[in-house]
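Note: the block below is run_28.pdb and it holds PDB, C-alpha atoms.
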ATOM      1  CA  MET A  62      26.311  32.880   1.706
ATOM      2  CA  LEU A  63      26.623  29.117   1.261
ATOM      3  CA  LEU A  64      24.252  28.529   4.161
ATOM      4  CA  ALA A  65      21.736  30.921   2.648
ATOM      5  CA  VAL A  66      21.953  29.236  -0.762
ATOM      6  CA  GLY A  67      21.542  25.822   0.888
ATOM      7  CA  ALA A  68      18.500  26.984   2.843
ATOM      8  CA  LEU A  69      16.938  28.407  -0.316
ATOM      9  CA  ALA A  70      17.554  25.136  -2.163
ATOM     10  CA  VAL A  71      15.914  23.128   0.615
ATOM     11  CA  ALA A  72      12.926  25.484   0.715
ATOM     12  CA  PHE A  73      12.506  25.463  -3.071
ATOM     13  CA  GLY A  74      12.824  21.668  -3.194
ATOM     14  CA  ALA A  75      10.139  21.276  -0.523
ATOM     15  CA  PHE A  76       7.831  23.720  -2.338
ATOM     16  CA  ARG A  77       8.286  21.983  -5.677
ATOM     17  CA  TRP A  78       7.816  18.522  -4.169
ATOM     18  CA  SER A  79       4.641  19.583  -2.354
ATOM     19  CA  ALA A  80       3.229  20.915  -5.623
ATOM     20  CA  GLY A  81       3.863  17.521  -7.230
ATOM     21  CA  THR A  82       2.154  15.781  -4.321
ATOM     22  CA  ARG A  83      -0.927  17.967  -4.685
ATOM     23  CA  ALA A  84      -1.093  17.200  -8.412
ATOM     24  CA  LEU A  85      -0.831  13.448  -7.861
ATOM     25  CA  ARG A  86      -3.508  13.476  -5.197
ATOM     26  CA  ALA A  87      -5.812  15.537  -7.383
ATOM     27  CA  ARG A  88      -5.489  12.785 -10.006
ATOM     28  CA  LEU A  89      -6.303  10.204  -7.334
ATOM     29  CA  GLU A  90      -9.466  12.077  -6.385
ATOM     30  CA  ALA A  91     -10.495  12.527 -10.014
ATOM     31  CA  ALA A  92     -10.351   8.748 -10.575
ATOM     32  CA  ARG A  93     -12.687   7.921  -7.660
ATOM     33  CA  ILE A  94     -15.862   5.954  -8.335
ATOM     34  CA  PRO A  95     -18.844   5.388  -6.000
ATOM     35  CA  ILE A  96     -18.634   2.491  -3.567
ATOM     36  CA  ARG A  97     -21.478   0.006  -3.566
ATOM     37  CA  PRO A  98     -22.637  -1.298  -1.214
ATOM     38  CA  ASP A  99     -21.849   1.403   1.356
ATOM     39  CA  ARG A 100     -22.119  -1.066   4.286
ATOM     40  CA  VAL A 101     -20.458  -4.377   5.127
ATOM     41  CA  ASP A 102     -22.790  -7.328   4.622
ATOM     42  CA  PHE A 103     -21.508 -10.664   5.937
ATOM     43  CA  ARG A 104     -23.895 -12.538   3.648
ATOM     44  CA  GLU A 105     -21.355 -12.026   0.845
ATOM     45  CA  LEU A 106     -18.834 -14.119   2.798
ATOM     46  CA  GLU A 107     -20.771 -17.386   2.546
ATOM     47  CA  SER A 108     -19.050 -18.686  -0.604
ATOM     48  CA  LEU A 109     -15.525 -17.699   0.418
ATOM     49  CA  PRO A 110     -12.780 -20.111   1.589
ATOM     50  CA  ALA A 111     -12.958 -20.791   5.335
ATOM     51  CA  PRO A 112      -9.767 -18.880   6.334
ATOM     52  CA  VAL A 113     -10.947 -15.822   4.408
ATOM     53  CA  GLN A 114     -14.321 -15.920   6.134
ATOM     54  CA  ARG A 115     -12.579 -16.130   9.515
ATOM     55  CA  TYR A 116     -10.378 -13.167   8.660
ATOM     56  CA  LEU A 117     -13.141 -10.884   7.419
ATOM     57  CA  ARG A 118     -15.348 -11.728  10.411
ATOM     58  CA  ALA A 119     -12.421 -10.989  12.742
ATOM     59  CA  ALA A 120     -11.370  -7.772  11.021
ATOM     60  CA  LEU A 121     -14.754  -6.225  10.176
ATOM     61  CA  THR A 122     -18.136  -5.569  11.759
ATOM     62  CA  ASP A 123     -21.311  -6.667   9.999
ATOM     63  CA  GLY A 124     -23.177  -3.536   8.987
ATOM     64  CA  GLY A 125     -20.122  -1.310   9.414
ATOM     65  CA  PRO A 126     -19.325   1.341   6.796
ATOM     66  CA  MET A 127     -17.159   0.634   3.767
ATOM     67  CA  VAL A 128     -13.792   2.383   3.612
ATOM     68  CA  ALA A 129     -13.599   4.941   0.805
ATOM     69  CA  ALA A 130     -10.189   6.479   1.550
ATOM     70  CA  VAL A 131      -7.361   6.266   4.069
ATOM     71  CA  HIS A 132      -4.690   8.637   5.343
ATOM     72  CA  VAL A 133      -1.675   6.795   6.795
ATOM     73  CA  ARG A 134       1.513   8.158   8.329
ATOM     74  CA  HIS A 135       4.510   5.840   8.844
ATOM     75  CA  SER A 136       7.920   5.938  10.428
ATOM     76  CA  GLY A 137      10.605   3.313  10.067
ATOM     77  CA  THR A 138      13.701   2.305   8.146
ATOM     78  CA  PHE A 139      14.364   1.714   4.449
ATOM     79  CA  ASP A 140      17.293  -0.167   2.923
ATOM     80  CA  MET A 141      18.915   2.173   0.388
ATOM     81  CA  GLY A 142      21.742  -0.232  -0.451
ATOM     82  CA  GLU A 143      21.769  -2.284  -3.645
ATOM     83  CA  GLY A 144      24.469  -4.761  -2.637
ATOM     84  CA  THR A 145      25.222  -4.182   1.032
ATOM     85  CA  ALA A 146      22.360  -3.161   3.311
ATOM     86  CA  ARG A 147      22.199   0.549   4.155
ATOM     87  CA  TRP A 148      19.284   1.207   6.476
ATOM     88  CA  CYS A 149      18.069   4.820   6.639
ATOM     89  CA  ARG A 150      15.308   6.399   8.692
ATOM     90  CA  PHE A 151      12.162   7.478   6.880
ATOM     91  CA  THR A 152       8.836   9.154   7.533
ATOM     92  CA  SER A 153       5.957   9.078   5.084
ATOM     93  CA  ASP A 154       2.477  10.349   4.399
ATOM     94  CA  GLN A 155       0.192   8.141   2.309
ATOM     95  CA  ARG A 156      -3.191   8.754   0.717
ATOM     96  CA  VAL A 157      -5.218   5.729  -0.457
ATOM     97  CA  ILE A 158      -8.447   5.636  -2.467
ATOM     98  CA  THR A 159     -10.141   2.233  -2.433
ATOM     99  CA  ARG A 160     -12.257   2.614  -5.596
ATOM    100  CA  ARG A 161     -10.820   3.091  -8.271
ATOM    101  CA  PRO A 162      -7.836   1.593  -6.450
ATOM    102  CA  GLY A 163      -4.972   4.012  -6.036
ATOM    103  CA  PHE A 164      -2.473   5.553  -3.628
ATOM    104  CA  ASP A 165       0.305   8.102  -3.272
ATOM    105  CA  TRP A 166       3.167   7.347  -0.847
ATOM    106  CA  ASP A 167       5.096  10.532  -0.144
ATOM    107  CA  ALA A 168       8.265   9.677   1.805
ATOM    108  CA  ARG A 169      11.262  11.515   3.200
ATOM    109  CA  ILE A 170      14.335   9.269   3.612
ATOM    110  CA  ALA A 171      17.299  10.623   5.611
ATOM    111  CA  LEU A 172      20.555   9.709   3.853
ATOM    112  CA  LEU A 173      22.734  11.929   6.053
ATOM    113  CA  PRO A 174      22.023  14.681   8.561
ATOM    114  CA  GLY A 175      20.458  17.480   6.534
ATOM    115  CA  LEU A 176      20.390  15.403   3.316
ATOM    116  CA  THR A 177      17.119  13.710   2.395
ATOM    117  CA  VAL A 178      15.677  11.875  -0.577
ATOM    118  CA  ARG A 179      12.026  12.559  -1.358
ATOM    119  CA  VAL A 180      10.111   9.631  -2.869
ATOM    120  CA  HIS A 181       6.740   9.263  -4.559
ATOM    121  CA  ASP A 182       5.578   5.657  -4.987
ATOM    122  CA  ASP A 183       2.164   5.638  -6.662
ATOM    123  CA  TYR A 184      -0.664   3.855  -8.398
ATOM    124  CA  VAL A 185      -2.881   6.501  -9.994
ATOM    125  CA  ALA A 186      -5.641   5.894 -12.561
ATOM    126  CA  GLY A 187      -4.087   2.628 -13.703
ATOM    127  CA  GLU A 188      -0.504   3.924 -13.904
ATOM    128  CA  GLY A 189       2.375   2.973 -11.628
ATOM    129  CA  LEU A 190       5.201   5.385 -10.980
ATOM    130  CA  LEU A 191       8.273   5.775  -8.794
ATOM    131  CA  ARG A 192      10.036   9.118  -8.506
ATOM    132  CA  ALA A 193      12.880  10.042  -6.170
ATOM    133  CA  ALA A 194      14.927  13.216  -5.864
ATOM    134  CA  VAL A 195      17.599  14.435  -3.460
ATOM    135  CA  LEU A 196      16.083  17.347  -1.489
ATOM    136  CA  GLY A 197      13.156  17.085  -3.896
ATOM    137  CA  LEU A 198      15.335  18.706  -6.586
ATOM    138  CA  VAL A 199      17.944  16.330  -8.040
ATOM    139  CA  PRO A 200      16.275  13.306  -9.689
ATOM    140  CA  VAL A 201      17.689   9.858  -8.894
ATOM    141  CA  ALA A 202      14.760   7.730 -10.152
ATOM    142  CA  ASP A 203      11.861   8.322 -12.540
ATOM    143  CA  LEU A 204      10.050   5.128 -13.526
ATOM    144  CA  HIS A 205       6.549   5.151 -14.992
ATOM    145  CA  GLY A 206       4.381   4.182 -17.912
ATOM    146  CA  THR A 207       5.178   0.456 -18.142
ATOM    147  CA  ARG A 208       2.920  -2.495 -17.491
ATOM    148  CA  GLU A 209       5.494  -3.869 -15.010
ATOM    149  CA  MET A 210       5.287  -0.657 -12.951
ATOM    150  CA  ALA A 211       1.477  -0.721 -12.969
ATOM    151  CA  GLU A 212       1.388  -4.364 -11.875
ATOM    152  CA  GLY A 213       3.937  -3.786  -9.122
ATOM    153  CA  GLU A 214       2.081  -0.811  -7.664
ATOM    154  CA  LEU A 215      -1.330  -2.501  -7.878
ATOM    155  CA  LEU A 216       0.255  -5.437  -6.006
ATOM    156  CA  ARG A 217       1.303  -2.996  -3.289
ATOM    157  CA  PHE A 218      -2.252  -1.607  -3.054
ATOM    158  CA  LEU A 219      -3.623  -5.140  -2.668
ATOM    159  CA  ALA A 220      -0.984  -6.169  -0.117
ATOM    160  CA  GLU A 221      -1.675  -3.111   2.044
ATOM    161  CA  ALA A 222      -5.425  -3.716   2.112
ATOM    162  CA  ALA A 223      -4.917  -5.059   5.645
ATOM    163  CA  TRP A 224      -5.068  -1.323   6.562
ATOM    164  CA  TYR A 225      -8.408  -0.873   4.731
ATOM    165  CA  PRO A 226      -9.887  -4.375   4.933
ATOM    166  CA  THR A 227     -13.325  -3.656   3.445
ATOM    167  CA  ALA A 228     -11.429  -3.516   0.110
ATOM    168  CA  LEU A 229     -10.975  -7.297   0.463
ATOM    169  CA  LEU A 230     -14.703  -8.028   0.238
ATOM    170  CA  PRO A 231     -15.854  -9.681  -3.012
ATOM    171  CA  SER A 232     -18.212  -6.781  -3.732
ATOM    172  CA  GLN A 233     -15.144  -4.524  -4.023
ATOM    173  CA  GLY A 234     -13.736  -6.357  -7.015
ATOM    174  CA  VAL A 235     -11.502  -9.037  -5.483
ATOM    175  CA  ARG A 236     -11.684 -12.785  -6.090
ATOM    176  CA  TRP A 237     -10.620 -15.364  -3.491
ATOM    177  CA  GLU A 238      -9.528 -18.966  -4.100
ATOM    178  CA  ALA A 239      -8.669 -21.609  -1.512
ATOM    179  CA  VAL A 240      -5.045 -22.708  -1.090
ATOM    180  CA  ASP A 241      -5.121 -24.603   2.214
ATOM    181  CA  GLY A 242      -6.570 -24.302   5.715
ATOM    182  CA  ARG A 243      -4.434 -21.253   6.545
ATOM    183  CA  SER A 244      -3.999 -19.602   3.130
ATOM    184  CA  ALA A 245      -5.927 -18.275   0.149
ATOM    185  CA  ARG A 246      -5.146 -16.535  -3.116
ATOM    186  CA  VAL A 247      -6.648 -13.100  -3.748
ATOM    187  CA  THR A 248      -6.838 -11.484  -7.193
ATOM    188  CA  LEU A 249      -7.645  -7.881  -8.074
ATOM    189  CA  ALA A 250      -8.184  -6.479 -11.559
ATOM    190  CA  ASP A 251      -8.132  -2.815 -12.548
ATOM    191  CA  GLY A 252      -8.836  -2.398 -16.229
ATOM    192  CA  ALA A 253      -6.400  -4.570 -18.176
ATOM    193  CA  ILE A 254      -4.119  -5.068 -15.143
ATOM    194  CA  ALA A 255      -4.696  -8.048 -12.820
ATOM    195  CA  VAL A 256      -2.510  -9.132  -9.893
ATOM    196  CA  SER A 257      -2.609 -11.949  -7.330
ATOM    197  CA  LEU A 258      -1.202 -12.581  -3.858
ATOM    198  CA  VAL A 259      -1.168 -15.592  -1.564
ATOM    199  CA  VAL A 260      -2.394 -14.501   1.862
ATOM    200  CA  ARG A 261      -1.521 -16.536   4.968
ATOM    201  CA  PHE A 262      -3.486 -16.067   8.182
ATOM    202  CA  ASP A 263      -2.262 -16.379  11.781
ATOM    203  CA  ASP A 264      -3.764 -18.257  14.733
ATOM    204  CA  ASP A 265      -6.214 -15.396  15.344
ATOM    205  CA  GLY A 266      -7.402 -15.529  11.751
ATOM    206  CA  LEU A 267      -5.713 -12.225  10.838
ATOM    207  CA  ILE A 268      -3.350 -11.588   7.912
ATOM    208  CA  GLU A 269       0.174 -12.717   8.783
ATOM    209  CA  THR A 270       1.926 -12.656   5.392
ATOM    210  CA  VAL A 271       1.262 -11.761   1.774
ATOM    211  CA  SER A 272       3.440 -13.049  -1.046
ATOM    212  CA  ALA A 273       3.731 -12.751  -4.807
ATOM    213  CA  ALA A 274       5.586 -15.049  -7.171
ATOM    214  CA  ALA A 275       7.134 -11.979  -8.804
ATOM    215  CA  ARG A 276       7.174  -8.195  -8.483
ATOM    216  CA  GLY A 277       9.408  -5.835 -10.429
ATOM    217  CA  ARG A 278      12.647  -5.091  -8.537
ATOM    218  CA  THR A 279      14.936  -2.336  -9.800
ATOM    219  CA  VAL A 280      18.533  -3.600 -10.128
ATOM    220  CA  GLY A 281      21.132  -1.477 -11.893
ATOM    221  CA  GLY A 282      18.445   0.483 -13.700
ATOM    222  CA  ARG A 283      16.678  -2.673 -14.904
ATOM    223  CA  THR A 284      13.403  -4.169 -13.666
ATOM    224  CA  VAL A 285      13.897  -7.780 -12.563
ATOM    225  CA  PRO A 286      10.855  -9.937 -11.608
ATOM    226  CA  THR A 287      11.571 -11.157  -8.056
ATOM    227  CA  PRO A 288       9.512 -13.054  -5.457
ATOM    228  CA  TRP A 289       8.103 -10.648  -2.874
ATOM    229  CA  LEU A 290       6.964 -11.070   0.741
ATOM    230  CA  GLY A 291       5.209  -8.842   3.278
ATOM    231  CA  ARG A 292       4.571  -9.471   6.990
ATOM    232  CA  PHE A 293       2.086  -7.794   9.358
ATOM    233  CA  TRP A 294       1.701  -7.856  13.147
ATOM    234  CA  ASN A 295       0.645  -5.795  16.178
ATOM    235  CA  TYR A 296      -3.074  -5.625  15.369
ATOM    236  CA  GLU A 297      -5.323  -3.064  17.035
ATOM    237  CA  THR A 298      -8.908  -1.950  16.533
ATOM    238  CA  ARG A 299      -9.145   1.323  14.622
ATOM    239  CA  ASP A 300     -12.426   2.807  13.404
ATOM    240  CA  GLY A 301     -14.183  -0.485  14.165
ATOM    241  CA  MET A 302     -11.705  -2.640  12.187
ATOM    242  CA  ARG A 303      -8.728  -4.751  13.253
ATOM    243  CA  VAL A 304      -5.652  -3.518  11.414
ATOM    244  CA  PRO A 305      -1.879  -4.102  11.796
ATOM    245  CA  LEU A 306       0.341  -1.304  13.037
ATOM    246  CA  ASP A 307       3.693  -2.887  12.116
ATOM    247  CA  GLY A 308       5.024  -4.456   8.950
ATOM    248  CA  GLU A 309       8.038  -5.527   6.943
ATOM    249  CA  VAL A 310       8.535  -6.058   3.207
ATOM    250  CA  ALA A 311      11.260  -8.200   1.616
ATOM    251  CA  TRP A 312      12.551  -9.460  -1.690
ATOM    252  CA  VAL A 313      12.923 -13.243  -1.601
ATOM    253  CA  LEU A 314      16.349 -13.923  -3.110
ATOM    254  CA  PRO A 315      18.033 -17.316  -3.683
ATOM    255  CA  GLU A 316      20.002 -16.824  -0.429
ATOM    256  CA  GLY A 317      16.834 -15.976   1.490
ATOM    257  CA  PRO A 318      14.532 -13.004   2.204
ATOM    258  CA  ARG A 319      16.131  -9.560   2.058
ATOM    259  CA  PRO A 320      13.940  -7.013   3.907
ATOM    260  CA  TYR A 321      14.008  -3.475   2.525
ATOM    261  CA  TRP A 322      11.129  -1.718   4.361
ATOM    262  CA  ARG A 323      10.244  -1.852   8.048
ATOM    263  CA  GLY A 324       7.562   0.491   9.232
ATOM    264  CA  HIS A 325       5.193   1.431  12.026
ATOM    265  CA  VAL A 326       1.838   3.143  11.534
ATOM    266  CA  VAL A 327       2.036   6.439  13.423
ATOM    267  CA  ALA A 328      -1.455   7.625  12.436
ATOM    268  CA  LEU A 329      -4.336   6.011  10.560
ATOM    269  CA  ALA A 330      -7.569   7.765   9.590
ATOM    270  CA  HIS A 331     -10.305   6.128   7.518
ATOM    271  CA  GLU A 332     -12.898   7.958   5.460
ATOM    272  CA  PHE A 333     -16.106   6.047   4.893
ATOM    273  CA  ALA A 334     -18.535   5.731   2.010
ATOM    274  CA  THR A 335     -21.787   7.610   2.313
ATOM    275  CA  ALA A 336     -25.162   6.171   1.401
ATOM    276  CA  LEU A 337     -25.870   6.422  -2.318
ATOM    277  CA  PRO A 338     -29.219   6.711  -4.067
ATOM    278  CA  ALA A 339     -30.701   3.380  -5.075
ATOM    279  CA  GLU A 340     -29.773   2.205  -8.542
ATOM    280  CA  PRO A 341     -32.601   2.533 -11.054
ATOM    281  CA  ARG A 342     -34.517  -0.681 -11.614
TER     282      ARG A 342
END
Is it possible to express this structure as structure tokens?
Amino acid sequence: MLLAVGALAVAFGAFRWSAGTRALRARLEAARIPIRPDRVDFRELESLPAPVQRYLRAALTDGGPMVAAVHVRHSGTFDMGEGTARWCRFTSDQRVITRRPGFDWDARIALLPGLTVRVHDDYVAGEGLLRAAVLGLVPVADLHGTREMAEGELLRFLAEAAWYPTALLPSQGVRWEAVDGRSARVTLADGAIAVSLVVRFDDDGLIETVSAAARGRTVGGRTVPTPWLGRFWNYETRDGMRVPLDGEVAWVLPEGPRPYWRGHVVALAHEFATALPAEPR
């Protein structure tokens, strides 16, 4: 009887969670706007800082299609500990829309054999949200509706643009500023929300790290602005673009970086913009 009740709870939790995922992704689709131009044009790189030009020329193909959406699947480990590290295995399925920027990260984190936490981490139509529930049923986190959440999730969208690099072209709403010969600052605005990252490039001209002076970190139920760092490596060519297949994200604490996410891209599928009618003159 107990086994039957447990199986029913797991099945109901999965059903309910999947319904929530479909609703979030419907909101993502509803917020989409047309992408112009629909092709990469290297002429728009001419005024950019030198390291940014090198990166975009290395990552993209002149005349290639612009990315409209991405489907990413990850596997890796996530630190579920607040004081002492507690690394747990996770798998995730992520949907990204490049214009209007947004994503839904749907993750399954294994706490114990047979016991999982389901997580939605999202930026949808200008709103950031984080929801987590044991077996998809028992809530353990529900954060949404604040400016800090929106900024933090838009920062994540911008940091992960290494997986959909046409989103880093100036025509797609970003602004680049020189920092030094290996780094540049990128800024993205979505409505009233604007965020910035410092991007550092490796010897091949590809993105090595992204960092923010502060991103909201949840500590004891409170949101604490904390320096934030992401690393990328293991680049391969996918759909005509050079993208990283491995990454790590960390909070930068006074005692040093504390990684909390380490992941590998298991599958990556890009959807491209289609040609649009010419704008009326």
Checklist line | Result set of the PyMOL selection byres ((chain A and resi 325) around 6) on the coordinates above, as a ChimeraX atom specification | finding: /A:135-136,306-307,324,326
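Each of A:Gly282, A:Gly317, A:Gly266, A:Gly234 was compared to Trp294 in chain A using all atoms listed in the file, and A:Gly266 turns out to be the nearest.
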Nearby residues (only C-alpha atoms) at most 8 Å from Val304 in chain A, same-chain spacing under 5 positions excluded, as a PyMOL selection string: chain A and resi 120+223-226+296-299
Between A:Arg217, A:Trp322, A:Asn295, A:Glu188, which is the closest to His205 in chain A once you count only C-alpha atoms?
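Of all the options, A:Glu188 lies closest to His205 in chain A.
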Taking all atoms of range 244-248 of chain A that appear in the file, build a box with edges along x, y and z, extend it by 3 Å on every side, and state its centre and edge lengths in Å to one decimal, as lines of an AutoDock Vina configuration file.
center_x = -5.4
center_y = -15.5
center_z = -2.0
size_x = 8.8
size_y = 14.1
size_z = 16.3
Between A:Leu196, A:Leu190, A:Ala119, A:Val180, which has the minimum distance to Ala168 in chain A (counting only C-alpha atoms)?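 Of A:Leu196, A:Leu190, A:Ala119, A:Val180, the one nearest Ala168 in chain A is A:Val180, counting only C-alpha atoms.
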Please, can range 109-126 of chain A be completed to N, CA, C and O atoms and returned as a PDB file, in the coordinates of the input?
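Contents of selection30.pdb, freshly written:
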ATOM      1  N   LEU A 109     -16.967 -17.879   0.375  1.00  0.00           N
ATOM      2  CA  LEU A 109     -15.525 -17.699   0.418  1.00  0.00           C
ATOM      3  C   LEU A 109     -14.829 -18.853   1.126  1.00  0.00           C
ATOM      4  O   LEU A 109     -15.436 -19.536   1.963  1.00  0.00           O
ATOM      5  N   PRO A 110     -13.530 -19.087   0.851  1.00  0.00           N
ATOM      6  CA  PRO A 110     -12.780 -20.111   1.589  1.00  0.00           C
ATOM      7  C   PRO A 110     -12.834 -19.845   3.097  1.00  0.00           C
ATOM      8  O   PRO A 110     -12.881 -18.682   3.534  1.00  0.00           O
ATOM      9  N   ALA A 111     -12.789 -20.901   3.879  1.00  0.00           N
ATOM     10  CA  ALA A 111     -12.958 -20.791   5.335  1.00  0.00           C
ATOM     11  C   ALA A 111     -11.981 -19.812   5.985  1.00  0.00           C
ATOM     12  O   ALA A 111     -12.392 -18.986   6.818  1.00  0.00           O
ATOM     13  N   PRO A 112     -10.664 -19.831   5.656  1.00  0.00           N
ATOM     14  CA  PRO A 112      -9.767 -18.880   6.334  1.00  0.00           C
ATOM     15  C   PRO A 112     -10.070 -17.432   5.985  1.00  0.00           C
ATOM     16  O   PRO A 112      -9.847 -16.530   6.809  1.00  0.00           O
ATOM     17  N   VAL A 113     -10.591 -17.188   4.794  1.00  0.00           N
ATOM     18  CA  VAL A 113     -10.947 -15.822   4.408  1.00  0.00           C
ATOM     19  C   VAL A 113     -12.177 -15.366   5.191  1.00  0.00           C
ATOM     20  O   VAL A 113     -12.236 -14.221   5.665  1.00  0.00           O
ATOM     21  N   GLN A 114     -13.146 -16.258   5.325  1.00  0.00           N
ATOM     22  CA  GLN A 114     -14.321 -15.920   6.134  1.00  0.00           C
ATOM     23  C   GLN A 114     -13.914 -15.585   7.570  1.00  0.00           C
ATOM     24  O   GLN A 114     -14.394 -14.593   8.146  1.00  0.00           O
ATOM     25  N   ARG A 115     -13.017 -16.400   8.137  1.00  0.00           N
ATOM     26  CA  ARG A 115     -12.579 -16.130   9.515  1.00  0.00           C
ATOM     27  C   ARG A 115     -11.907 -14.764   9.611  1.00  0.00           C
ATOM     28  O   ARG A 115     -12.146 -14.003  10.565  1.00  0.00           O
ATOM     29  N   TYR A 116     -11.068 -14.454   8.630  1.00  0.00           N
ATOM     30  CA  TYR A 116     -10.378 -13.167   8.660  1.00  0.00           C
ATOM     31  C   TYR A 116     -11.356 -12.000   8.583  1.00  0.00           C
ATOM     32  O   TYR A 116     -11.291 -11.060   9.402  1.00  0.00           O
ATOM     33  N   LEU A 117     -12.242 -12.018   7.606  1.00  0.00           N
ATOM     34  CA  LEU A 117     -13.141 -10.884   7.419  1.00  0.00           C
ATOM     35  C   LEU A 117     -14.093 -10.726   8.606  1.00  0.00           C
ATOM     36  O   LEU A 117     -14.423  -9.602   8.999  1.00  0.00           O
ATOM     37  N   ARG A 118     -14.498 -11.834   9.214  1.00  0.00           N
ATOM     38  CA  ARG A 118     -15.348 -11.728  10.411  1.00  0.00           C
ATOM     39  C   ARG A 118     -14.553 -11.186  11.597  1.00  0.00           C
ATOM     40  O   ARG A 118     -15.110 -10.500  12.460  1.00  0.00           O
ATOM     41  N   ALA A 119     -13.256 -11.492  11.647  1.00  0.00           N
ATOM     42  CA  ALA A 119     -12.421 -10.989  12.742  1.00  0.00           C
ATOM     43  C   ALA A 119     -12.050  -9.524  12.545  1.00  0.00           C
ATOM     44  O   ALA A 119     -11.945  -8.769  13.517  1.00  0.00           O
ATOM     45  N   ALA A 120     -11.866  -9.118  11.292  1.00  0.00           N
ATOM     46  CA  ALA A 120     -11.370  -7.772  11.021  1.00  0.00           C
ATOM     47  C   ALA A 120     -12.481  -6.734  10.896  1.00  0.00           C
ATOM     48  O   ALA A 120     -12.248  -5.548  11.167  1.00  0.00           O
ATOM     49  N   LEU A 121     -13.679  -7.154  10.480  1.00  0.00           N
ATOM     50  CA  LEU A 121     -14.754  -6.225  10.176  1.00  0.00           C
ATOM     51  C   LEU A 121     -15.946  -6.417  11.099  1.00  0.00           C
ATOM     52  O   LEU A 121     -16.034  -7.406  11.829  1.00  0.00           O
ATOM     53  N   THR A 122     -16.877  -5.495  11.022  1.00  0.00           N
ATOM     54  CA  THR A 122     -18.136  -5.569  11.759  1.00  0.00           C
ATOM     55  C   THR A 122     -19.276  -5.605  10.760  1.00  0.00           C
ATOM     56  O   THR A 122     -19.342  -4.755   9.864  1.00  0.00           O
ATOM     57  N   ASP A 123     -20.162  -6.582  10.891  1.00  0.00           N
ATOM     58  CA  ASP A 123     -21.311  -6.667   9.999  1.00  0.00           C
ATOM     59  C   ASP A 123     -22.141  -5.389  10.120  1.00  0.00           C
ATOM     60  O   ASP A 123     -22.482  -4.950  11.219  1.00  0.00           O
ATOM     61  N   GLY A 124     -22.427  -4.781   8.984  1.00  0.00           N
ATOM     62  CA  GLY A 124     -23.177  -3.536   8.987  1.00  0.00           C
ATOM     63  C   GLY A 124     -22.328  -2.291   9.111  1.00  0.00           C
ATOM     64  O   GLY A 124     -22.845  -1.169   9.026  1.00  0.00           O
ATOM     65  N   GLY A 125     -21.009  -2.462   9.322  1.00  0.00           N
ATOM     66  CA  GLY A 125     -20.122  -1.310   9.414  1.00  0.00           C
ATOM     67  C   GLY A 125     -19.955  -0.631   8.072  1.00  0.00           C
ATOM     68  O   GLY A 125     -20.248  -1.201   7.019  1.00  0.00           O
ATOM     69  N   PRO A 126     -19.474   0.609   8.062  1.00  0.00           N
ATOM     70  CA  PRO A 126     -19.325   1.341   6.796  1.00  0.00           C
ATOM     71  C   PRO A 126     -18.144   0.848   5.974  1.00  0.00           C
ATOM     72  O   PRO A 126     -17.154   0.364   6.511  1.00  0.00           O
TER      73      PRO A 126
END
